[in-house]
file work_38.pdb (PDB, C-alpha atoms)
ATOM      1  CA  MET A  23      -2.766  -7.533  -7.513
ATOM      2  CA  GLU A  24      -1.353  -4.034  -8.009
ATOM      3  CA  ILE A  25       2.388  -3.488  -8.320
ATOM      4  CA  ASP A  26       4.316  -0.234  -7.833
ATOM      5  CA  LYS A  27       1.243   1.907  -7.287
ATOM      6  CA  THR A  28       1.678   4.737  -4.808
ATOM      7  CA  TRP A  29      -0.401   4.764  -1.608
ATOM      8  CA  LEU A  30       0.026   8.125   0.114
ATOM      9  CA  PHE A  31      -1.253   9.111   3.563
ATOM     10  CA  ILE A  32      -2.736  12.622   3.787
ATOM     11  CA  PRO A  33      -3.501  13.956   7.303
ATOM     12  CA  ALA A  34      -7.080  15.213   7.575
ATOM     13  CA  LYS A  35      -6.004  18.783   8.259
ATOM     14  CA  GLU A  36      -6.894  21.843   6.201
ATOM     15  CA  LYS A  37      -3.281  22.698   5.272
ATOM     16  CA  TYR A  38      -2.861  19.281   3.646
ATOM     17  CA  MET A  39      -6.362  18.645   2.342
ATOM     18  CA  CYS A  40      -6.391  21.851   0.302
ATOM     19  CA  LYS A  41      -3.523  20.413  -1.764
ATOM     20  CA  LEU A  42      -5.367  17.256  -2.848
ATOM     21  CA  PRO A  43      -5.907  18.331  -6.482
ATOM     22  CA  SER A  44      -2.168  18.814  -7.043
ATOM     23  CA  ILE A  45      -0.855  15.729  -5.246
ATOM     24  CA  ARG A  46       0.471  13.100  -7.630
ATOM     25  CA  ALA A  47      -0.204   9.657  -6.211
ATOM     26  CA  ASP A  48      -2.221   6.692  -7.450
ATOM     27  CA  HIS A  49      -4.147   6.267  -4.207
ATOM     28  CA  LEU A  50      -4.724   8.822  -1.456
ATOM     29  CA  ILE A  51      -5.349   7.623   2.100
ATOM     30  CA  LEU A  52      -7.014  10.426   4.051
ATOM     31  CA  ASP A  53      -5.983   9.866   7.635
ATOM     32  CA  LEU A  54      -8.330  10.335  10.580
ATOM     33  CA  GLU A  55      -6.239   8.283  12.990
ATOM     34  CA  ASP A  56      -2.606   8.688  14.071
ATOM     35  CA  SER A  57      -1.929  12.054  12.420
ATOM     36  CA  LEU A  58      -4.708  13.777  14.414
ATOM     37  CA  THR A  59      -5.082  14.603  18.084
ATOM     38  CA  GLY A  60      -8.339  13.774  19.837
ATOM     39  CA  GLU A  61      -9.783  17.263  19.403
ATOM     40  CA  GLN A  62      -8.843  17.310  15.699
ATOM     41  CA  LYS A  63     -10.740  14.133  14.814
ATOM     42  CA  GLY A  64     -14.240  15.685  14.683
ATOM     43  CA  PRO A  65     -13.253  18.577  12.378
ATOM     44  CA  GLY A  66     -11.049  16.142  10.429
ATOM     45  CA  LEU A  67     -14.034  13.910   9.707
ATOM     46  CA  GLU A  68     -15.939  16.822   8.193
ATOM     47  CA  LEU A  69     -12.917  17.797   6.069
ATOM     48  CA  VAL A  70     -12.711  14.227   4.799
ATOM     49  CA  TYR A  71     -16.445  14.126   4.117
ATOM     50  CA  GLU A  72     -16.282  17.263   1.971
ATOM     51  CA  ALA A  73     -13.129  16.124   0.182
ATOM     52  CA  CYS A  74     -14.607  12.712  -0.611
ATOM     53  CA  ARG A  75     -17.774  14.281  -1.987
ATOM     54  CA  LYS A  76     -15.728  16.686  -4.104
ATOM     55  CA  TYR A  77     -12.913  14.453  -5.370
ATOM     56  CA  GLY A  78     -14.089  10.900  -4.771
ATOM     57  CA  GLY A  79     -15.338  10.460  -8.291
ATOM     58  CA  GLN A  80     -12.084  11.784  -9.769
ATOM     59  CA  ARG A  81      -9.390  10.204  -7.593
ATOM     60  CA  SER A  82      -8.795   6.883  -5.902
ATOM     61  CA  ILE A  83      -9.442   7.860  -2.283
ATOM     62  CA  TYR A  84      -9.360   5.698   0.812
ATOM     63  CA  VAL A  85      -9.942   6.797   4.391
ATOM     64  CA  ARG A  86      -8.078   5.479   7.415
ATOM     65  CA  VAL A  87     -10.730   5.537  10.092
ATOM     66  CA  ASN A  88     -10.161   5.209  13.826
ATOM     67  CA  SER A  89     -10.552   2.012  15.789
ATOM     68  CA  GLU A  90     -13.147   0.953  18.325
ATOM     69  CA  GLU A  91     -16.133   3.248  18.975
ATOM     70  CA  ARG A  92     -15.162   5.936  16.448
ATOM     71  CA  MET A  93     -14.913   3.465  13.581
ATOM     72  CA  GLU A  94     -18.609   2.816  13.083
ATOM     73  CA  GLN A  95     -19.468   6.500  13.459
ATOM     74  CA  GLU A  96     -16.935   7.488  10.792
ATOM     75  CA  LEU A  97     -17.938   4.707   8.411
ATOM     76  CA  ASN A  98     -21.593   5.673   8.677
ATOM     77  CA  ARG A  99     -20.741   9.303   7.944
ATOM     78  CA  LEU A 100     -18.643   8.443   4.896
ATOM     79  CA  SER A 101     -20.289   5.332   3.458
ATOM     80  CA  ALA A 102     -22.461   7.275   1.027
ATOM     81  CA  CYS A 103     -19.451   9.206  -0.334
ATOM     82  CA  PRO A 104     -17.827   8.084  -3.605
ATOM     83  CA  VAL A 105     -14.687   6.704  -1.939
ATOM     84  CA  SER A 106     -12.761   3.642  -3.063
ATOM     85  CA  GLY A 107     -12.587   2.142   0.386
ATOM     86  CA  PHE A 108     -11.492   2.263   3.995
ATOM     87  CA  MET A 109      -8.341   1.379   5.881
ATOM     88  CA  LEU A 110      -9.211  -0.351   9.152
ATOM     89  CA  PRO A 111      -6.363   0.115  11.673
ATOM     90  CA  LYS A 112      -5.166  -2.317  14.342
ATOM     91  CA  PHE A 113      -6.860  -5.126  12.427
ATOM     92  CA  GLU A 114      -6.948  -8.406  14.338
ATOM     93  CA  ASP A 115     -10.324 -10.087  13.922
ATOM     94  CA  VAL A 116     -12.520 -10.552  10.846
ATOM     95  CA  SER A 117     -15.637 -10.465  13.019
ATOM     96  CA  VAL A 118     -15.458  -6.671  12.777
ATOM     97  CA  LEU A 119     -16.125  -6.978   9.036
ATOM     98  CA  GLU A 120     -19.365  -8.830   9.613
ATOM     99  CA  ARG A 121     -20.438  -6.350  12.267
ATOM    100  CA  LEU A 122     -19.697  -3.401   9.967
ATOM    101  CA  ARG A 123     -20.695  -4.992   6.654
ATOM    102  CA  GLU A 124     -23.605  -2.598   6.143
ATOM    103  CA  SER A 125     -21.520   0.460   7.045
ATOM    104  CA  LEU A 126     -18.753  -0.610   4.653
ATOM    105  CA  ASP A 127     -21.389  -0.541   1.903
ATOM    106  CA  GLY A 128     -19.407  -2.692  -0.523
ATOM    107  CA  LYS A 129     -16.323  -0.462  -0.398
ATOM    108  CA  GLN A 130     -12.849  -1.994  -0.533
ATOM    109  CA  VAL A 131     -11.089  -2.763   2.746
ATOM    110  CA  ILE A 132      -7.425  -2.293   3.595
ATOM    111  CA  ALA A 133      -6.664  -4.353   6.712
ATOM    112  CA  LEU A 134      -3.802  -2.593   8.519
ATOM    113  CA  VAL A 135      -2.151  -5.308  10.614
ATOM    114  CA  GLU A 136      -0.135  -3.758  13.439
ATOM    115  CA  SER A 137       0.016  -6.275  16.282
ATOM    116  CA  VAL A 138       1.298  -9.709  17.188
ATOM    117  CA  ARG A 139      -2.287 -10.964  17.420
ATOM    118  CA  GLY A 140      -2.996  -9.534  13.981
ATOM    119  CA  ILE A 141      -0.054 -11.434  12.510
ATOM    120  CA  VAL A 142      -0.990 -14.680  14.276
ATOM    121  CA  ARG A 143      -4.509 -14.443  12.799
ATOM    122  CA  LEU A 144      -3.338 -13.201   9.418
ATOM    123  CA  GLU A 145      -4.446 -16.130   7.281
ATOM    124  CA  GLU A 146      -8.058 -15.682   8.364
ATOM    125  CA  THR A 147      -7.823 -11.991   7.491
ATOM    126  CA  ALA A 148      -6.217 -12.651   4.098
ATOM    127  CA  ALA A 149      -8.844 -15.237   3.210
ATOM    128  CA  HIS A 150     -11.822 -13.000   3.989
ATOM    129  CA  PRO A 151     -13.650 -11.885   0.812
ATOM    130  CA  LEU A 152     -14.201  -8.331   2.076
ATOM    131  CA  VAL A 153     -10.450  -7.703   2.489
ATOM    132  CA  ASN A 154      -8.771  -6.412  -0.659
ATOM    133  CA  VAL A 155      -5.435  -5.169   0.689
ATOM    134  CA  LEU A 156      -3.152  -6.317   3.506
ATOM    135  CA  ALA A 157      -0.927  -3.586   4.957
ATOM    136  CA  PHE A 158       1.749  -3.877   7.636
ATOM    137  CA  GLY A 159       2.069  -1.351  10.468
ATOM    138  CA  GLY A 160       5.653  -1.832  11.534
ATOM    139  CA  GLU A 161       5.933   0.833  14.219
ATOM    140  CA  ASP A 162       3.143  -0.481  16.439
ATOM    141  CA  PHE A 163       4.189  -4.086  15.828
ATOM    142  CA  CYS A 164       7.782  -3.483  16.933
ATOM    143  CA  ARG A 165       6.621  -1.345  19.869
ATOM    144  CA  GLU A 166       4.557  -4.278  21.112
ATOM    145  CA  LEU A 167       7.623  -6.523  21.053
ATOM    146  CA  GLY A 168       9.468  -4.128  23.356
ATOM    147  CA  TYR A 169      12.332  -1.664  23.621
ATOM    148  CA  GLY A 170      15.278  -2.295  21.332
ATOM    149  CA  THR A 171      13.254  -4.161  18.729
ATOM    150  CA  GLY A 172      14.502  -3.411  15.230
ATOM    151  CA  GLU A 173      13.378  -4.131  11.715
ATOM    152  CA  GLU A 174      14.875  -7.621  11.936
ATOM    153  CA  ALA A 175      12.070  -8.578  14.319
ATOM    154  CA  ALA A 176       9.495  -7.649  11.690
ATOM    155  CA  LEU A 177      10.939  -9.813   8.917
ATOM    156  CA  PHE A 178       8.902 -12.892   9.834
ATOM    157  CA  ALA A 179       5.703 -10.842  10.082
ATOM    158  CA  LYS A 180       6.380  -9.166   6.744
ATOM    159  CA  GLY A 181       7.172 -12.469   5.072
ATOM    160  CA  LYS A 182       3.967 -13.989   6.388
ATOM    161  CA  LEU A 183       1.913 -11.047   5.119
ATOM    162  CA  VAL A 184       3.485 -11.242   1.648
ATOM    163  CA  LEU A 185       2.942 -15.000   1.542
ATOM    164  CA  TYR A 186      -0.745 -14.920   2.470
ATOM    165  CA  ALA A 187      -1.426 -11.915   0.235
ATOM    166  CA  ALA A 188       0.063 -13.759  -2.729
ATOM    167  CA  TYR A 189      -1.816 -16.968  -1.929
ATOM    168  CA  TYR A 190      -5.194 -15.255  -1.632
ATOM    169  CA  GLY A 191      -4.610 -12.781  -4.473
ATOM    170  CA  LYS A 192      -4.538  -9.629  -2.336
ATOM    171  CA  THR A 193      -2.424  -6.492  -2.651
ATOM    172  CA  SER A 194       0.306  -6.256   0.015
ATOM    173  CA  LEU A 195       1.710  -2.974   1.355
ATOM    174  CA  ASP A 196       4.827  -2.574   3.469
ATOM    175  CA  THR A 197       5.070  -0.220   6.420
ATOM    176  CA  VAL A 198       6.022   3.438   6.014
ATOM    177  CA  SER A 199       9.523   4.893   5.829
ATOM    178  CA  PHE A 200      10.076   8.133   7.722
ATOM    179  CA  GLU A 201      12.818   9.304   5.331
ATOM    180  CA  ILE A 202      11.380  12.328   3.520
ATOM    181  CA  ARG A 203      14.556  14.300   2.697
ATOM    182  CA  ASP A 204      17.041  11.871   1.165
ATOM    183  CA  MET A 205      15.184  10.133  -1.655
ATOM    184  CA  GLU A 206      18.148   7.917  -2.517
ATOM    185  CA  LYS A 207      18.030   6.564   1.021
ATOM    186  CA  PHE A 208      14.253   6.196   0.808
ATOM    187  CA  LEU A 209      14.539   4.233  -2.435
ATOM    188  CA  LEU A 210      16.915   1.789  -0.765
ATOM    189  CA  SER A 211      14.085   1.055   1.651
ATOM    190  CA  TYR A 212      11.618   0.869  -1.217
ATOM    191  CA  GLU A 213      13.818  -1.541  -3.163
ATOM    192  CA  LYS A 214      14.034  -3.775  -0.091
ATOM    193  CA  THR A 215      10.231  -3.708   0.080
ATOM    194  CA  ARG A 216       9.994  -4.847  -3.531
ATOM    195  CA  ARG A 217      12.616  -7.565  -3.070
ATOM    196  CA  MET A 218      10.556  -8.987  -0.199
ATOM    197  CA  GLY A 219       7.627  -9.399  -2.608
ATOM    198  CA  PHE A 220       5.334  -6.592  -1.460
ATOM    199  CA  SER A 221       3.071  -5.015  -4.067
ATOM    200  CA  GLY A 222       4.013  -1.572  -2.770
ATOM    201  CA  LYS A 223       4.721   0.584   0.239
ATOM    202  CA  LEU A 224       2.709   2.994   2.361
ATOM    203  CA  LEU A 225       3.994   6.543   1.873
ATOM    204  CA  ILE A 226       3.861   9.651   4.054
ATOM    205  CA  HIS A 227       5.157  12.431   1.787
ATOM    206  CA  PRO A 228       4.531  13.476  -1.842
ATOM    207  CA  ALA A 229       8.302  13.373  -2.463
ATOM    208  CA  GLN A 230       8.225   9.650  -1.756
ATOM    209  CA  ALA A 231       5.425   9.161  -4.289
ATOM    210  CA  GLN A 232       7.422  11.099  -6.888
ATOM    211  CA  ALA A 233      10.486   8.956  -6.161
ATOM    212  CA  VAL A 234       8.487   5.747  -6.683
ATOM    213  CA  HIS A 235       7.089   7.051  -9.968
ATOM    214  CA  ARG A 236      10.625   7.800 -11.148
ATOM    215  CA  TYR A 237      11.778   4.375  -9.958
ATOM    216  CA  CYS A 238       9.332   2.616 -12.276
ATOM    217  CA  GLY A 239       9.506   5.310 -14.957
ATOM    218  CA  ALA A 240      10.226   5.316 -18.654
ATOM    219  CA  GLU A 241      13.943   4.444 -18.468
ATOM    220  CA  GLU A 242      13.348   1.416 -16.244
ATOM    221  CA  ARG A 243      10.553   0.195 -18.501
ATOM    222  CA  LYS A 244      12.777   0.624 -21.548
ATOM    223  CA  ARG A 245      15.512  -1.451 -19.884
ATOM    224  CA  LEU A 246      13.092  -4.238 -18.978
ATOM    225  CA  HIS A 247      11.570  -4.302 -22.466
ATOM    226  CA  HIS A 248      15.137  -4.673 -23.802
ATOM    227  CA  VAL A 249      15.755  -7.669 -21.520
ATOM    228  CA  VAL A 250      12.543  -9.385 -22.655
ATOM    229  CA  GLU A 251      13.296  -8.719 -26.329
ATOM    230  CA  VAL A 252      16.877 -10.010 -26.157
ATOM    231  CA  PHE A 253      15.782 -13.147 -24.304
ATOM    232  CA  ARG A 254      13.011 -13.917 -26.806
ATOM    233  CA  GLU A 255      15.274 -13.369 -29.809
ATOM    234  CA  SER A 256      18.009 -15.596 -28.371
ATOM    235  CA  GLY A 257      15.919 -18.751 -28.513
ATOM    236  CA  GLU A 258      17.886 -19.985 -25.483
ATOM    237  CA  GLY A 259      16.734 -21.006 -22.018
ATOM    238  CA  LEU A 260      19.522 -19.135 -20.210
ATOM    239  CA  VAL A 261      20.842 -15.804 -21.470
ATOM    240  CA  GLU A 262      23.379 -13.303 -20.159
ATOM    241  CA  ILE A 263      22.106  -9.723 -20.638
ATOM    242  CA  ASP A 264      23.993  -6.655 -19.450
ATOM    243  CA  GLY A 265      25.980  -8.658 -16.921
ATOM    244  CA  SER A 266      23.069 -10.659 -15.439
ATOM    245  CA  TRP A 267      21.736 -14.130 -16.182
ATOM    246  CA  TYR A 268      18.079 -14.592 -17.083
ATOM    247  CA  GLU A 269      15.949 -17.729 -17.340
ATOM    248  CA  LYS A 270      12.326 -18.091 -18.442
ATOM    249  CA  PRO A 271      10.901 -17.608 -14.892
ATOM    250  CA  HIS A 272      12.755 -14.261 -14.662
ATOM    251  CA  ILE A 273      11.300 -13.155 -17.975
ATOM    252  CA  LYS A 274       7.773 -14.202 -16.989
ATOM    253  CA  LYS A 275       8.082 -12.124 -13.835
ATOM    254  CA  ILE A 276       9.325  -9.102 -15.801
ATOM    255  CA  GLU A 277       6.470  -9.469 -18.295
ATOM    256  CA  ALA A 278       3.900  -9.594 -15.501
ATOM    257  CA  TYR A 279       5.479  -6.528 -13.930
ATOM    258  CA  LEU A 280       5.384  -4.555 -17.190
ATOM    259  CA  HIS A 281       1.795  -5.606 -17.764
ATOM    260  CA  SER A 282       0.812  -4.356 -14.310
ATOM    261  CA  LEU A 283       2.394  -0.974 -15.066
ATOM    262  CA  GLU A 284       1.199  -0.503 -18.606
ATOM    263  CA  GLY A 285      -1.681  -2.898 -19.232
ATOM    264  CA  GLU A 286       0.206  -4.192 -22.254
ATOM    265  CA  ASP A 287      -0.522  -7.407 -24.092
ATOM    266  CA  LEU A 288       2.804  -9.205 -23.781
ATOM    267  CA  SER A 289       1.623 -12.678 -24.728
TER     268      SER A 289
END
call {"tool": "encode", "arguments": {"input": "work_38.pdb", "output": "structure tokens"}}
result
Amino acid sequence: MEIDKTWLFIPAKEKYMCKLPSIRADHLILDLEDSLTGEQKGPGLELVYEACRKYGGQRSIYVRVNSEERMEQELNRLSACPVSGFMLPKFEDVSVLERLRESLDGKQVIALVESVRGIVRLEETAAHPLVNVLAFGGEDFCRELGYGTGEEAALFAKGKLVLYAAYYGKTSLDTVSFEIRDMEKFLLSYEKTRRMGFSGKLLIHPAQAQAVHRYCGAEERKRLHHVVEVFRESGEGLVEIDGSWYEKPHIKKIEAYLHSLEGEDLS
């Protein structure tokens, strides 16, 4: 399960796609769905096809395809490209995976769960061997619940997604934040995502990806290494470090986190 990797949506439009080589993010999600109008989807598919052929072997690239009748057409067009995988939107039923198994061609699958039905059937989705990542689409989910619905209404759905992702060993991604100017405000949202247990968060702007990279940057790693070192040297089961108490389960979690970031041998 990946932790603190950046997953950045890129609309399949020329003005954004031409910037792919310079965008700093761990995973790029080229978007053929919500960011495009109906008449932009055909040209967008060709832009994605060319970008995947050109950069797919160099970058981790996923493609958010459209739902229903467009999905199979887009998967067939892109399946031979060197992409990491596909994001399937409005995911509710694993039967679509069996129907599209050949078109998916062994690529990874991000199941974007955006509806009440998708949440109700989440365990089946999480358990399916073709699903690698569970992602939450908060806007559509809250819209389905009705006017006035806030983020509080999504807490149960988010908790369920995190729980099943952890149980079945899948990566879990929280819904997007639309804050692209105030990165301190964005990071408050990101920190809440991490506290809920998500592996990461879907992003919509390169500034958000840069903020996440800073969040888990060198200074934070140095601080966490210090905590682990002090705890180990103490020989105690409960240690106060820089104003916070730490027990062995806390240290194990920090070690796993550092290992996910750095691939270090911390045993």
call {"tool": "residues_around", "arguments": {"input": "work_38.pdb", "residues": "Met39 (chain A)", "least_positions_apart": "5", "cutoff": "9 Å", "atoms": "only C-alpha atoms", "output": "list in words"}}
result
Ile32, Pro33, Ala34, Leu52, Leu69, Val70 and Ala73 of chain A
call {"tool": "atom_distance", "arguments": {"input": "work_38.pdb", "atom1": "CA of Thr215 (chain A)", "atom2": "CA of Glu161 (chain A)"}}
result
15.5 Å
call {"tool": "closest_residue", "arguments": {"input": "work_38.pdb", "among": "A:Val142, A:Leu100, A:Ile273, A:Met218", "to": "Phe253 (chain A)", "atoms": "all atoms listed in the file"}}
result
A:Ile273
call {"tool": "residues_around", "arguments": {"input": "work_38.pdb", "residues": "Ser194 (chain A)", "least_positions_apart": "3", "cutoff": "12 Å", "atoms": "only C-alpha atoms", "output": "NGL selection string"}}
result
:A and (23-27 or 29 or 132-135 or 148 or 153-159 or 180-191 or 197 or 215-216 or 218-224)
call {"tool": "closest_residue", "arguments": {"input": "work_38.pdb", "among": "A:Tyr71, A:Glu145, A:Pro228, A:Glu173", "to": "Ala47 (chain A)", "atoms": "all atoms listed in the file"}}
result
A:Pro228
call {"tool": "resolve_selection", "arguments": {"input": "work_38.pdb", "expression": "the PyMOL selection byres ((chain A and resi 48) around 10)", "output": "compact mmCIF listing (two decimals) with C-alpha atoms, in the frame of the given file"}}
result
# COMPACT_ATOMS: atom_id res chain seq x y z
CA ASP A 26 4.32 -0.23 -7.83
CA LYS A 27 1.24 1.91 -7.29
CA THR A 28 1.68 4.74 -4.81
CA TRP A 29 -0.40 4.76 -1.61
CA LEU A 30 0.03 8.12 0.11
CA ILE A 45 -0.86 15.73 -5.25
CA ARG A 46 0.47 13.10 -7.63
CA ALA A 47 -0.20 9.66 -6.21
CA HIS A 49 -4.15 6.27 -4.21
CA LEU A 50 -4.72 8.82 -1.46
CA ARG A 81 -9.39 10.20 -7.59
CA SER A 82 -8.80 6.88 -5.90
CA ILE A 83 -9.44 7.86 -2.28
CA ALA A 231 5.42 9.16 -4.29
CA HIS A 235 7.09 7.05 -9.97
call {"tool": "resolve_selection", "arguments": {"input": "work_38.pdb", "expression": "the PyMOL selection byres ((chain A and resi 250) around 10)", "output": "number ranges by chain"}}
result
A: 245-249, 251-255, 263, 268, 270, 272-274, 276-277, 288
call {"tool": "atom_distance", "arguments": {"input": "work_38.pdb", "atom1": "CA of Cys40 (chain A)", "atom2": "CA of Ile226 (chain A)"}}
result
16.4 Å
call {"tool": "closest_residue", "arguments": {"input": "work_38.pdb", "among": "A:Thr193, A:Gln232, A:Thr59, A:Ser125", "to": "Asn98 (chain A)", "atoms": "only C-alpha atoms"}}
result
A:Ser125
